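Next up, work08.cif (mmCIF, C-alpha atoms):
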```cif
data_run
#
loop_
_atom_site.label_atom_id
_atom_site.label_comp_id
_atom_site.auth_asym_id
_atom_site.auth_seq_id
_atom_site.Cartn_x
_atom_site.Cartn_y
_atom_site.Cartn_z
CA MET A 26 -15.84 0.02 -17.63
CA LYS A 27 -15.00 3.67 -18.25
CA PRO A 28 -12.52 4.84 -15.65
CA ILE A 29 -12.63 8.06 -13.65
CA LEU A 30 -9.29 9.79 -14.16
CA LEU A 31 -7.80 11.66 -11.19
CA GLN A 32 -5.24 14.33 -12.12
CA GLY A 33 -3.77 15.82 -9.00
CA HIS A 34 -0.08 14.92 -9.09
CA GLU A 35 2.84 16.11 -11.18
CA ARG A 36 5.03 13.07 -10.56
CA SER A 37 4.56 9.33 -10.45
CA ILE A 38 2.15 7.88 -7.87
CA THR A 39 3.74 6.04 -4.93
CA GLN A 40 0.68 4.81 -3.00
CA ILE A 41 -3.12 4.98 -3.04
CA LYS A 42 -5.29 4.02 -0.07
CA TYR A 43 -9.03 3.90 0.61
CA ASN A 44 -10.39 4.70 4.04
CA ARG A 45 -12.38 1.97 5.81
CA GLU A 46 -15.79 3.01 4.44
CA GLY A 47 -14.37 3.55 0.98
CA ASP A 48 -15.91 6.99 0.41
CA LEU A 49 -12.46 8.62 0.32
CA LEU A 50 -9.33 7.78 -1.65
CA PHE A 51 -5.95 9.12 -0.50
CA THR A 52 -3.15 9.44 -3.07
CA VAL A 53 0.53 10.30 -2.65
CA ALA A 54 3.28 10.63 -5.23
CA LYS A 55 6.90 11.63 -5.78
CA ASP A 56 5.79 15.24 -5.32
CA PRO A 57 5.10 16.85 -1.90
CA ILE A 58 1.31 16.85 -2.33
CA VAL A 59 -1.06 14.54 -0.43
CA ASN A 60 -4.50 14.45 -2.09
CA VAL A 61 -7.85 13.13 -0.88
CA TRP A 62 -10.71 12.44 -3.33
CA TYR A 63 -14.33 11.36 -3.24
CA SER A 64 -14.15 7.85 -4.67
CA VAL A 65 -17.71 7.93 -6.02
CA ASN A 66 -17.10 10.67 -8.61
CA GLY A 67 -13.38 11.48 -8.49
CA GLU A 68 -13.88 15.00 -7.11
CA ARG A 69 -10.92 16.30 -5.16
CA LEU A 70 -11.87 17.02 -1.56
CA GLY A 71 -8.60 18.68 -0.61
CA THR A 72 -4.85 18.47 -0.08
CA TYR A 73 -2.56 18.15 2.92
CA ASN A 74 0.27 20.62 2.42
CA GLY A 75 3.52 20.62 4.36
CA HIS A 76 5.89 18.00 2.98
CA THR A 77 8.91 19.17 1.02
CA GLY A 78 9.90 15.91 -0.67
CA ALA A 79 8.44 12.83 -2.32
CA VAL A 80 5.73 11.21 -0.18
CA TRP A 81 6.18 7.44 -0.03
CA CYS A 82 3.25 6.26 2.05
CA VAL A 83 -0.16 7.21 3.41
CA ASP A 84 -2.68 5.67 5.81
CA ALA A 85 -5.98 6.69 7.39
CA ASP A 86 -7.14 5.46 10.79
CA TRP A 87 -10.22 3.35 11.52
CA ASP A 88 -12.76 6.19 11.74
CA THR A 89 -11.00 8.46 9.18
CA ARG A 90 -10.22 11.20 11.70
CA HIS A 91 -6.49 11.20 11.14
CA VAL A 92 -4.20 10.71 8.16
CA LEU A 93 -0.57 9.61 8.42
CA THR A 94 2.05 10.29 5.73
CA GLY A 95 5.74 9.42 5.41
CA SER A 96 8.11 11.26 3.12
CA ALA A 97 11.61 11.51 1.70
CA ASP A 98 11.92 14.88 3.47
CA ASN A 99 12.85 12.83 6.58
CA SER A 100 9.53 13.26 8.33
CA CYS A 101 6.36 11.41 9.27
CA ARG A 102 3.32 13.67 9.69
CA LEU A 103 -0.10 13.31 11.28
CA TRP A 104 -3.00 15.32 9.82
CA ASP A 105 -6.57 16.11 10.76
CA CYS A 106 -8.48 14.42 7.94
CA GLU A 107 -11.33 16.93 7.85
CA THR A 108 -9.50 20.26 8.13
CA GLY A 109 -6.14 19.32 6.58
CA LYS A 110 -4.34 20.76 9.60
CA GLN A 111 -0.99 19.22 10.56
CA LEU A 112 -1.31 17.75 14.07
CA ALA A 113 2.12 16.25 14.60
CA LEU A 114 5.52 16.11 12.95
CA VAL A 115 8.10 13.43 13.69
CA LYS A 116 11.57 14.15 12.30
CA THR A 117 13.73 11.19 11.24
CA SER A 118 17.33 10.69 10.13
CA SER A 119 16.38 9.24 6.73
CA ALA A 120 13.37 8.90 4.42
CA VAL A 121 10.18 7.35 5.81
CA ARG A 122 9.25 4.45 3.53
CA THR A 123 6.17 2.85 5.14
CA CYS A 124 3.66 3.95 7.76
CA GLY A 125 0.41 2.73 9.28
CA PHE A 126 -2.15 3.00 12.08
CA ASP A 127 -2.98 -0.04 14.17
CA PHE A 128 -6.61 -1.21 14.21
CA GLY A 129 -7.61 1.08 17.08
CA GLY A 130 -5.91 4.09 15.53
CA ASN A 131 -3.96 4.80 18.73
CA ILE A 132 -0.55 3.49 17.74
CA ILE A 133 1.39 4.44 14.62
CA MET A 134 4.38 2.68 13.18
CA PHE A 135 6.73 3.77 10.42
CA SER A 136 9.99 2.51 8.96
CA THR A 137 12.93 4.59 7.79
CA ASP A 138 15.36 3.89 4.97
CA LYS A 139 18.90 2.68 5.29
CA GLN A 140 20.83 5.57 3.76
CA MET A 141 23.63 8.08 4.38
CA GLY A 142 25.13 5.95 7.12
CA TYR A 143 21.83 5.59 8.99
CA GLN A 144 20.41 2.18 9.62
CA CYS A 145 16.80 1.12 8.91
CA PHE A 146 14.50 1.42 11.95
CA VAL A 147 10.85 0.69 12.69
CA SER A 148 9.47 3.18 15.22
CA PHE A 149 6.27 2.86 17.28
CA PHE A 150 4.49 5.86 18.82
CA ASP A 151 1.45 5.80 21.07
CA LEU A 152 -0.69 8.84 20.16
CA ARG A 153 -2.40 8.74 23.57
CA ASP A 154 0.88 9.93 25.08
CA PRO A 155 1.61 13.36 23.49
CA SER A 156 5.07 13.54 25.08
CA GLN A 157 6.35 10.76 22.79
CA ILE A 158 5.75 12.89 19.67
CA GLU A 159 6.89 16.13 21.34
CA ASN A 160 10.19 14.63 22.48
CA ASN A 161 10.51 12.51 19.36
CA GLU A 162 10.92 9.42 21.55
CA PRO A 163 9.03 6.37 20.32
CA TYR A 164 8.10 3.81 22.96
CA MET A 165 9.89 1.25 20.82
CA LYS A 166 12.43 1.31 18.03
CA ILE A 167 13.48 -1.86 16.22
CA PRO A 168 16.74 -1.79 14.23
CA CYS A 169 16.93 -3.79 10.97
CA SER A 170 20.59 -4.07 10.14
CA ASP A 171 20.50 -6.69 7.40
CA SER A 172 18.26 -5.32 4.68
CA LYS A 173 15.96 -2.32 4.67
CA ILE A 174 12.18 -2.60 5.03
CA THR A 175 10.38 -1.69 1.79
CA SER A 176 6.80 -2.39 2.90
CA ALA A 177 5.07 -3.05 6.22
CA VAL A 178 1.52 -3.55 7.51
CA TRP A 179 -0.13 -4.21 10.86
CA GLY A 180 -1.22 -7.77 11.58
CA PRO A 181 -4.63 -8.67 13.05
CA LEU A 182 -5.47 -7.13 16.47
CA GLY A 183 -2.39 -4.93 16.31
CA ASP A 184 -0.21 -7.52 18.05
CA PHE A 185 2.54 -7.44 15.45
CA ILE A 186 3.59 -5.92 12.16
CA ILE A 187 4.50 -7.80 8.99
CA ALA A 188 7.52 -6.31 7.23
CA GLY A 189 8.82 -7.04 3.73
CA HIS A 190 12.48 -6.40 2.97
CA GLU A 191 14.68 -5.43 0.05
CA SER A 192 16.17 -8.94 0.16
CA GLY A 193 12.77 -10.62 -0.29
CA GLU A 194 12.48 -11.67 3.36
CA LEU A 195 9.29 -11.38 5.41
CA ASN A 196 9.39 -10.74 9.17
CA GLN A 197 6.90 -10.49 11.99
CA PHE A 198 7.84 -8.02 14.73
CA SER A 199 5.93 -7.90 18.00
CA ALA A 200 4.39 -4.46 18.63
CA LYS A 201 4.72 -5.03 22.38
CA SER A 202 8.27 -6.32 22.86
CA GLY A 203 9.87 -5.62 19.47
CA GLU A 204 11.18 -9.14 19.15
CA GLN A 205 11.20 -10.92 15.80
CA LEU A 206 8.45 -13.54 15.96
CA SER A 207 9.11 -15.28 12.66
CA ASN A 208 11.09 -14.90 9.47
CA ILE A 209 10.68 -16.50 6.03
CA LYS A 210 12.12 -15.93 2.59
CA GLU A 211 9.80 -16.94 -0.25
CA HIS A 212 10.72 -14.12 -2.65
CA THR A 213 14.08 -13.85 -4.39
CA LYS A 214 13.98 -10.06 -4.86
CA GLN A 215 12.65 -6.92 -3.18
CA ILE A 216 9.10 -6.90 -1.81
CA ASN A 217 7.39 -3.78 -3.17
CA ASP A 218 4.00 -3.97 -1.49
CA ILE A 219 2.05 -5.84 1.22
CA GLN A 220 -1.75 -5.67 1.58
CA THR A 221 -3.98 -7.63 3.93
CA SER A 222 -7.36 -9.19 3.20
CA ARG A 223 -10.52 -7.53 4.53
CA ASP A 224 -10.67 -9.85 7.57
CA MET A 225 -6.87 -9.66 8.07
CA THR A 226 -6.41 -13.44 8.01
CA MET A 227 -4.25 -13.34 4.87
CA PHE A 228 -1.95 -10.91 3.12
CA ILE A 229 -0.52 -10.65 -0.38
CA THR A 230 2.99 -9.50 -1.33
CA ALA A 231 4.15 -8.00 -4.62
CA SER A 232 7.78 -8.44 -5.59
CA LYS A 233 10.41 -7.52 -8.15
CA ASP A 234 10.87 -11.25 -8.82
CA ASN A 235 7.75 -11.09 -11.11
CA THR A 236 5.44 -12.79 -8.61
CA ALA A 237 2.79 -11.96 -6.04
CA LYS A 238 2.32 -14.42 -3.17
CA LEU A 239 -0.43 -15.08 -0.68
CA PHE A 240 0.40 -15.84 2.96
CA ASP A 241 -1.35 -16.58 6.22
CA CYS A 242 -1.08 -13.54 8.52
CA THR A 243 -0.34 -15.35 11.77
CA THR A 244 1.74 -18.34 10.65
CA LEU A 245 3.34 -16.74 7.53
CA GLU A 246 2.50 -19.97 5.71
CA HIS A 247 2.89 -19.54 1.94
CA LEU A 248 -0.47 -20.37 0.29
CA LYS A 249 -0.52 -19.25 -3.36
CA THR A 250 1.73 -17.75 -6.07
CA PHE A 251 0.63 -15.54 -8.97
CA ARG A 252 3.23 -15.37 -11.74
CA THR A 253 3.77 -12.68 -14.38
CA GLU A 254 6.63 -11.82 -16.73
CA ARG A 255 7.21 -8.34 -15.30
CA PRO A 256 8.07 -6.98 -11.84
CA VAL A 257 4.95 -6.67 -9.65
CA ASN A 258 4.74 -3.32 -7.85
CA SER A 259 1.45 -3.77 -6.03
CA ALA A 260 -1.21 -6.40 -5.37
CA ALA A 261 -4.62 -6.26 -3.69
CA LEU A 262 -7.24 -8.80 -2.58
CA SER A 263 -10.92 -8.38 -3.42
CA PRO A 264 -13.07 -8.07 -0.27
CA ILE A 265 -16.01 -9.97 -1.80
CA PHE A 266 -14.66 -12.39 -4.43
CA ASP A 267 -11.73 -14.77 -4.70
CA HIS A 268 -9.98 -12.28 -6.94
CA VAL A 269 -6.56 -10.64 -6.90
CA VAL A 270 -5.46 -7.60 -8.89
CA LEU A 271 -1.78 -7.06 -9.69
CA GLY A 272 -0.14 -3.89 -10.97
CA GLY A 273 3.38 -3.58 -12.27
CA GLY A 274 5.38 -3.36 -15.46
CA GLN A 275 8.90 -2.85 -16.59
CA GLU A 276 11.23 -0.70 -14.56
CA ALA A 277 10.44 2.96 -15.24
CA MET A 278 13.87 3.65 -16.72
CA ASP A 279 13.46 0.95 -19.39
CA VAL A 280 10.05 2.14 -20.47
CA THR A 281 11.01 4.84 -22.95
CA THR A 282 12.33 2.27 -25.40
CA THR A 283 9.09 0.29 -25.67
CA SER A 284 5.54 1.03 -26.73
CA THR A 285 2.71 0.83 -24.19
CA ARG A 286 1.62 -2.38 -25.83
CA ILE A 287 4.88 -4.17 -25.15
CA GLY A 288 5.40 -2.54 -21.75
CA LYS A 289 2.71 -4.69 -20.10
CA PHE A 290 1.14 -1.89 -18.10
CA GLU A 291 -2.22 -3.56 -17.61
CA ALA A 292 -3.82 -4.29 -14.27
CA ARG A 293 -4.08 -8.08 -14.20
CA PHE A 294 -6.79 -10.08 -12.46
CA PHE A 295 -6.12 -13.56 -11.09
CA HIS A 296 -8.34 -16.10 -9.39
CA LEU A 297 -7.27 -16.50 -5.78
CA ALA A 298 -7.71 -20.27 -5.56
CA PHE A 299 -6.75 -21.39 -9.08
CA GLU A 300 -3.87 -18.89 -9.59
CA GLU A 301 -5.14 -18.32 -13.14
CA GLU A 302 -5.31 -14.98 -14.90
CA PHE A 303 -8.79 -14.14 -16.19
CA GLY A 304 -8.70 -10.46 -17.12
CA ARG A 305 -6.63 -7.39 -17.91
CA VAL A 306 -7.42 -3.70 -17.82
CA LYS A 307 -5.36 -1.30 -19.95
CA GLY A 308 -5.02 2.42 -19.52
CA HIS A 309 -1.81 3.56 -17.87
CA PHE A 310 1.13 4.92 -19.89
CA GLY A 311 3.73 3.38 -17.63
CA PRO A 312 4.10 0.86 -14.82
CA ILE A 313 1.33 0.69 -12.22
CA ASN A 314 2.82 1.51 -8.81
CA SER A 315 -0.17 0.97 -6.53
CA VAL A 316 -3.52 -0.83 -6.72
CA ALA A 317 -6.39 -0.97 -4.22
CA PHE A 318 -9.84 -2.53 -4.11
CA HIS A 319 -12.76 -0.45 -2.85
CA PRO A 320 -13.91 -1.92 0.51
CA ASP A 321 -17.27 -2.87 -1.05
CA GLY A 322 -15.51 -4.75 -3.88
CA LYS A 323 -17.47 -2.99 -6.62
CA SER A 324 -14.56 -0.95 -7.94
CA TYR A 325 -10.79 -0.74 -7.82
CA SER A 326 -8.21 1.99 -8.36
CA SER A 327 -4.71 2.06 -9.77
CA GLY A 328 -1.98 4.71 -9.60
CA GLY A 329 0.80 4.76 -12.16
CA GLU A 330 4.21 6.08 -13.08
CA ASP A 331 2.34 8.47 -15.42
CA GLY A 332 1.01 10.42 -12.40
CA TYR A 333 -2.62 9.45 -12.96
CA VAL A 334 -4.96 7.58 -10.67
CA ARG A 335 -7.75 5.66 -12.38
CA ILE A 336 -10.91 4.51 -10.59
CA HIS A 337 -12.62 1.60 -12.38
CA TYR A 338 -16.18 0.58 -11.50
CA PHE A 339 -16.87 -3.02 -12.48
CA ASP A 340 -19.60 -3.80 -15.02
CA PRO A 341 -22.67 -5.70 -13.79
CA GLN A 342 -21.45 -8.72 -15.80
CA TYR A 343 -18.42 -8.97 -13.50
CA PHE A 344 -20.70 -9.86 -10.58
CA GLU A 345 -22.92 -12.21 -12.61
CA PHE A 346 -19.86 -14.01 -13.97
CA GLU A 347 -18.55 -14.66 -10.48
CA PHE A 348 -21.82 -16.02 -9.12
CA GLU A 349 -22.31 -18.31 -12.12
CA ALA A 350 -18.77 -19.57 -11.80
#
```
Reformat the file's structure so that it appears as structure tokens.
Amino acid sequence: MKPILLQGHERSITQIKYNREGDLLFTVAKDPIVNVWYSVNGERLGTYNGHTGAVWCVDADWDTRHVLTGSADNSCRLWDCETGKQLALVKTSSAVRTCGFDFGGNIIMFSTDKQMGYQCFVSFFDLRDPSQIENNEPYMKIPCSDSKITSAVWGPLGDFIIAGHESGELNQFSAKSGEQLSNIKEHTKQINDIQTSRDMTMFITASKDNTAKLFDCTTLEHLKTFRTERPVNSAALSPIFDHVVLGGGQEAMDVTTTSTRIGKFEARFFHLAFEEEFGRVKGHFGPINSVAFHPDGKSYSSGGEDGYVRIHYFDPQYFEFEFEA
């Protein structure tokens, strides 16, 4: 399983994201560059230039026409995927931590950090109404006074968003009324990442409390727990098998004192139903910050603190093993 190595960032990777077909891979890092690559061979297709700070999040809409990025330069930007042209710029009071398109690609949501006296907000813009972006007036803004949102995704059908907090709480916010639909606390520390399954019936969370957990999207019922001995920065669900991949490792500031062997920087594969680990993939020289499965399930990618993104295509044995099992 020889990986394809993508070198396009100078700083550590913050998020990687495939488009729906899986032919493109978007990567963002703690530098101002937003890259897009061909996932089949790792060739860089282009960059989206305009941000002036670390870029925390990226998303592409359903038909890969538009790309959305959120950055520490206090802005959320909309780009034309094909030309790289900036289509819209939304200025915020603090850093934009998470962003996403709803299923139709018409509504965007993003959350801002709680910093410098500003509170954490989730903002919703309808792209069909250009005046909202021009006047910087979202049709809805939800304040989160208790603890800031560190990760958020759209639920099925775009009815609500699922938000993970610094405190370990999970919330559902209605995208229509803004009310909090439900709230649970299964994690004891910050939630670093949330990713949904292919059919959007389930989602998986990755947390600093050394676990990843599987939940039902609509009821927020806690289904499974995957335990490790290091903080989990990212977790993804395979679209074709009952497999989960986790990425994480020690905190970046503690890494210099340990070798890569002790640092536990492998991507770790667990069985979804049995919660058992069955494989590890080495390679990164630091914690893995983001993992993603290709939509066809035949490969996965990981982005690390070392600034590299690695695309791994599974060996044929991986598929035989699963069908025999």
Residues matched by the PyMOL selection byres ((chain A and resi 51) around 7), written as a PyMOL selection string: chain A and resi 41-43+49-50+52-53+60-62
Evaluate the PyMOL selection byres ((chain A and resi 209) around 7) and report residues as a list in words: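 Answer for the PyMOL selection byres ((chain A and resi 209) around 7): Glu194, Leu195, Asn196, Ser207, Asn208, Lys210 and Glu211 of chain A.
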Test item: which residues lie within 10 Å of (19.7, -5.2, 4.3) counting all atoms listed in the file, as JSON, numbers by chain: {"A": [139, 144, 145, 169, 170, 171, 172, 173, 174, 190, 191, 192, 193, 194]}
Please, could you write that set of residues out with C-alpha atoms as an mmCIF file, in the coordinates of the input?
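Now in out_25.cif:
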```cif
data_model
loop_
_atom_site.group_PDB
_atom_site.id
_atom_site.type_symbol
_atom_site.label_atom_id
_atom_site.label_comp_id
_atom_site.auth_asym_id
_atom_site.auth_seq_id
_atom_site.Cartn_x
_atom_site.Cartn_y
_atom_site.Cartn_z
ATOM 1 C CA LYS A 139 18.900 2.680 5.290
ATOM 2 C CA GLN A 144 20.410 2.180 9.620
ATOM 3 C CA CYS A 145 16.800 1.120 8.910
ATOM 4 C CA CYS A 169 16.930 -3.790 10.970
ATOM 5 C CA SER A 170 20.590 -4.070 10.140
ATOM 6 C CA ASP A 171 20.500 -6.690 7.400
ATOM 7 C CA SER A 172 18.260 -5.320 4.680
ATOM 8 C CA LYS A 173 15.960 -2.320 4.670
ATOM 9 C CA ILE A 174 12.180 -2.600 5.030
ATOM 10 C CA HIS A 190 12.480 -6.400 2.970
ATOM 11 C CA GLU A 191 14.680 -5.430 0.050
ATOM 12 C CA SER A 192 16.170 -8.940 0.160
ATOM 13 C CA GLY A 193 12.770 -10.620 -0.290
ATOM 14 C CA GLU A 194 12.480 -11.670 3.360
#
```
Test item: residues at most 12 Å from Met165 of chain A, all atoms listed in the file, excluding those fewer than 6 positions along its chain, as a list of chain:residue names: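 Neighbouring residues, sequence-local ones excluded: A:Ile132, A:Ile133, A:Met134, A:Phe135, A:Ser136, A:Phe146, A:Val147, A:Ser148, A:Phe149, A:Phe150, A:Asp151, A:Gln157, A:Phe198, A:Ser199, A:Ala200, A:Lys201, A:Ser202, A:Gly203, A:Glu204.
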What would the file look like if the residues just selected were written as a PDB file, in the frame of the given file with C-alpha atoms?
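Listing of part.pdb after writing:
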```pdb
ATOM      1  CA  ILE A 132      -0.550   3.490  17.740  1.00  0.00           C
ATOM      2  CA  ILE A 133       1.390   4.440  14.620  1.00  0.00           C
ATOM      3  CA  MET A 134       4.380   2.680  13.180  1.00  0.00           C
ATOM      4  CA  PHE A 135       6.730   3.770  10.420  1.00  0.00           C
ATOM      5  CA  SER A 136       9.990   2.510   8.960  1.00  0.00           C
ATOM      6  CA  PHE A 146      14.500   1.420  11.950  1.00  0.00           C
ATOM      7  CA  VAL A 147      10.850   0.690  12.690  1.00  0.00           C
ATOM      8  CA  SER A 148       9.470   3.180  15.220  1.00  0.00           C
ATOM      9  CA  PHE A 149       6.270   2.860  17.280  1.00  0.00           C
ATOM     10  CA  PHE A 150       4.490   5.860  18.820  1.00  0.00           C
ATOM     11  CA  ASP A 151       1.450   5.800  21.070  1.00  0.00           C
ATOM     12  CA  GLN A 157       6.350  10.760  22.790  1.00  0.00           C
ATOM     13  CA  PHE A 198       7.840  -8.020  14.730  1.00  0.00           C
ATOM     14  CA  SER A 199       5.930  -7.900  18.000  1.00  0.00           C
ATOM     15  CA  ALA A 200       4.390  -4.460  18.630  1.00  0.00           C
ATOM     16  CA  LYS A 201       4.720  -5.030  22.380  1.00  0.00           C
ATOM     17  CA  SER A 202       8.270  -6.320  22.860  1.00  0.00           C
ATOM     18  CA  GLY A 203       9.870  -5.620  19.470  1.00  0.00           C
ATOM     19  CA  GLU A 204      11.180  -9.140  19.150  1.00  0.00           C
TER      20      GLU A 204
END
```
Residue among A:Ser222, A:Ser100, A:Thr123, A:Asn258 lying closest to Ala188 of chain A, counting all atoms listed in the file: A:Thr123
All residues 12 Å or closer to Ser64 of chain A, all atoms listed in the file, same chain fewer than 5 positions away omitted, as a PyMOL selection string: chain A and resi 28-31+41-44+46-52+69-70+317-321+323-326+334-338
Produce a file of the selected residues containing C-alpha atoms, as an mmCIF file, in the coordinates of the input.
```cif
data_model
loop_
_atom_site.group_PDB
_atom_site.id
_atom_site.type_symbol
_atom_site.label_atom_id
_atom_site.label_comp_id
_atom_site.auth_asym_id
_atom_site.auth_seq_id
_atom_site.Cartn_x
_atom_site.Cartn_y
_atom_site.Cartn_z
ATOM 1 C CA PRO A 28 -12.520 4.840 -15.650
ATOM 2 C CA ILE A 29 -12.630 8.060 -13.650
ATOM 3 C CA LEU A 30 -9.290 9.790 -14.160
ATOM 4 C CA LEU A 31 -7.800 11.660 -11.190
ATOM 5 C CA ILE A 41 -3.120 4.980 -3.040
ATOM 6 C CA LYS A 42 -5.290 4.020 -0.070
ATOM 7 C CA TYR A 43 -9.030 3.900 0.610
ATOM 8 C CA ASN A 44 -10.390 4.700 4.040
ATOM 9 C CA GLU A 46 -15.790 3.010 4.440
ATOM 10 C CA GLY A 47 -14.370 3.550 0.980
ATOM 11 C CA ASP A 48 -15.910 6.990 0.410
ATOM 12 C CA LEU A 49 -12.460 8.620 0.320
ATOM 13 C CA LEU A 50 -9.330 7.780 -1.650
ATOM 14 C CA PHE A 51 -5.950 9.120 -0.500
ATOM 15 C CA THR A 52 -3.150 9.440 -3.070
ATOM 16 C CA ARG A 69 -10.920 16.300 -5.160
ATOM 17 C CA LEU A 70 -11.870 17.020 -1.560
ATOM 18 C CA ALA A 317 -6.390 -0.970 -4.220
ATOM 19 C CA PHE A 318 -9.840 -2.530 -4.110
ATOM 20 C CA HIS A 319 -12.760 -0.450 -2.850
ATOM 21 C CA PRO A 320 -13.910 -1.920 0.510
ATOM 22 C CA ASP A 321 -17.270 -2.870 -1.050
ATOM 23 C CA LYS A 323 -17.470 -2.990 -6.620
ATOM 24 C CA SER A 324 -14.560 -0.950 -7.940
ATOM 25 C CA TYR A 325 -10.790 -0.740 -7.820
ATOM 26 C CA SER A 326 -8.210 1.990 -8.360
ATOM 27 C CA VAL A 334 -4.960 7.580 -10.670
ATOM 28 C CA ARG A 335 -7.750 5.660 -12.380
ATOM 29 C CA ILE A 336 -10.910 4.510 -10.590
ATOM 30 C CA HIS A 337 -12.620 1.600 -12.380
ATOM 31 C CA TYR A 338 -16.180 0.580 -11.500
#
```
Distance of atom CA of Gln220 of chain A from atom CA of Gly75 of chain A, expressed in Å to one decimal place: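 Separation of atom CA of Gly75 of chain A and atom CA of Gln220 of chain A: 27.0 Å.
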Interatomic distance, atom CA of Glu68 of chain A to atom CA of Phe126 of chain A (Å, one decimal): 25.5 Å
Closest of A:Pro341, A:Gly142, A:Pro312, A:Gly329 to Gln40 of chain A - atom-to-atom distances counting all atoms listed in the file: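 Smallest separation from Gln40 of chain A among the options: A:Gly329.
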Atomic distance atom CA of Asn314 of chain A - atom CA of Gly272 of chain A, expressed in Å with one decimal: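 Interatomic distance here is 6.5 Å.
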A:Thr221, A:Thr236, A:Asn131, A:Thr137 ranked by distance to Gly180 of chain A, top pick (using only C-alpha atoms): A:Thr221
Close residues, Asn161 of chain A itself excluded, 8 Å, only C-alpha atoms, min 4 positions apart in chain, as a PyMOL selection string: chain A and resi 115-116+156-157
Proximity to Leu93 of chain A - best of A:Thr117, A:Phe294, A:Val306, A:Gly125, all atoms listed in the file: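 Closest to Leu93 of chain A of all the choices is A:Gly125.
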Distance criterion (all atoms listed in the file): nearest to Gly109 of chain A out of A:Ile216, A:Ala97, A:Val65, A:Ile58: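 Using all atoms listed in the file, the shortest distance to Gly109 of chain A belongs to A:Ile58.
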Of the listed residues A:Ile158, A:Leu271, A:Leu152, A:Leu248, that which approaches Ser232 of chain A most closely, counting all atoms listed in the file: A:Leu271
Compute the distance from (3.2, -2.1, -3.2) to each atom, counting only C-alpha atoms, keep the residues with any atom at most 6 Å away, and return them as a CSV table (one decimal) with C-alpha atoms, keeping the file's coordinate frame; use the coordinates of the file.
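Saved result, point.csv, follows:
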```csv
chain,number,residue,atom,x,y,z
A,217,ASN,CA,7.4,-3.8,-3.2
A,218,ASP,CA,4.0,-4.0,-1.5
A,219,ILE,CA,2.0,-5.8,1.2
A,258,ASN,CA,4.7,-3.3,-7.8
A,259,SER,CA,1.4,-3.8,-6.0
A,315,SER,CA,-0.2,1.0,-6.5
```
Hits of the PyMOL selection byres ((chain A and resi 303) around 12) in this structure, as a list in words: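 When the PyMOL selection byres ((chain A and resi 303) around 12) is applied, the selected residues are Phe251, Asp267, His268, Val269, Val270, Leu271, Ala292, Arg293, Phe294, Phe295, His296, Leu297, Phe299, Glu300, Glu301, Glu302, Gly304, Arg305, Val306, Tyr343, Phe346 and Glu347 of chain A.
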Nearby residues (all atoms listed in the file) at most 8 Å from Arg45 of chain A, same-chain spacing under 6 positions excluded, as an MDAnalysis selection string: chainID A and resid 87:89 320
For segment 102-110 of chain A, write N, CA, C and O atoms out as a PDB file, in the first residue's frame.
```
ATOM      1  N   ARG A 102     -15.051  32.361   3.053  1.00  0.00           N
ATOM      2  CA  ARG A 102     -15.027  32.729   1.631  1.00  0.00           C
ATOM      3  C   ARG A 102     -15.626  31.636   0.759  1.00  0.00           C
ATOM      4  O   ARG A 102     -15.476  30.448   1.052  1.00  0.00           O
ATOM      5  N   LEU A 103     -16.304  32.092  -0.297  1.00  0.00           N
ATOM      6  CA  LEU A 103     -16.909  31.189  -1.275  1.00  0.00           C
ATOM      7  C   LEU A 103     -16.133  31.328  -2.581  1.00  0.00           C
ATOM      8  O   LEU A 103     -15.879  32.442  -3.036  1.00  0.00           O
ATOM      9  N   TRP A 104     -15.754  30.175  -3.164  1.00  0.00           N
ATOM     10  CA  TRP A 104     -14.929  30.180  -4.378  1.00  0.00           C
ATOM     11  C   TRP A 104     -15.628  29.424  -5.506  1.00  0.00           C
ATOM     12  O   TRP A 104     -16.406  28.516  -5.254  1.00  0.00           O
ATOM     13  N   ASP A 105     -15.288  29.823  -6.738  1.00  0.00           N
ATOM     14  CA  ASP A 105     -15.684  29.029  -7.893  1.00  0.00           C
ATOM     15  C   ASP A 105     -14.689  27.883  -7.992  1.00  0.00           C
ATOM     16  O   ASP A 105     -13.484  28.113  -8.116  1.00  0.00           O
ATOM     17  N   CYS A 106     -15.176  26.647  -7.922  1.00  0.00           N
ATOM     18  CA  CYS A 106     -14.272  25.500  -7.853  1.00  0.00           C
ATOM     19  C   CYS A 106     -13.376  25.418  -9.092  1.00  0.00           C
ATOM     20  O   CYS A 106     -12.187  25.133  -8.997  1.00  0.00           O
ATOM     21  N   GLU A 107     -13.957  25.686 -10.251  1.00  0.00           N
ATOM     22  CA  GLU A 107     -13.225  25.463 -11.506  1.00  0.00           C
ATOM     23  C   GLU A 107     -12.175  26.540 -11.780  1.00  0.00           C
ATOM     24  O   GLU A 107     -11.048  26.246 -12.150  1.00  0.00           O
ATOM     25  N   THR A 108     -12.550  27.805 -11.562  1.00  0.00           N
ATOM     26  CA  THR A 108     -11.646  28.902 -11.936  1.00  0.00           C
ATOM     27  C   THR A 108     -10.788  29.390 -10.774  1.00  0.00           C
ATOM     28  O   THR A 108      -9.779  30.058 -10.987  1.00  0.00           O
ATOM     29  N   GLY A 109     -11.195  29.075  -9.532  1.00  0.00           N
ATOM     30  CA  GLY A 109     -10.446  29.556  -8.373  1.00  0.00           C
ATOM     31  C   GLY A 109     -10.772  30.991  -8.011  1.00  0.00           C
ATOM     32  O   GLY A 109     -10.134  31.591  -7.150  1.00  0.00           O
ATOM     33  N   LYS A 110     -11.797  31.545  -8.662  1.00  0.00           N
ATOM     34  CA  LYS A 110     -12.173  32.939  -8.403  1.00  0.00           C
ATOM     35  C   LYS A 110     -12.962  33.047  -7.101  1.00  0.00           C
ATOM     36  O   LYS A 110     -13.783  32.184  -6.798  1.00  0.00           O
TER      37      LYS A 110
END
```
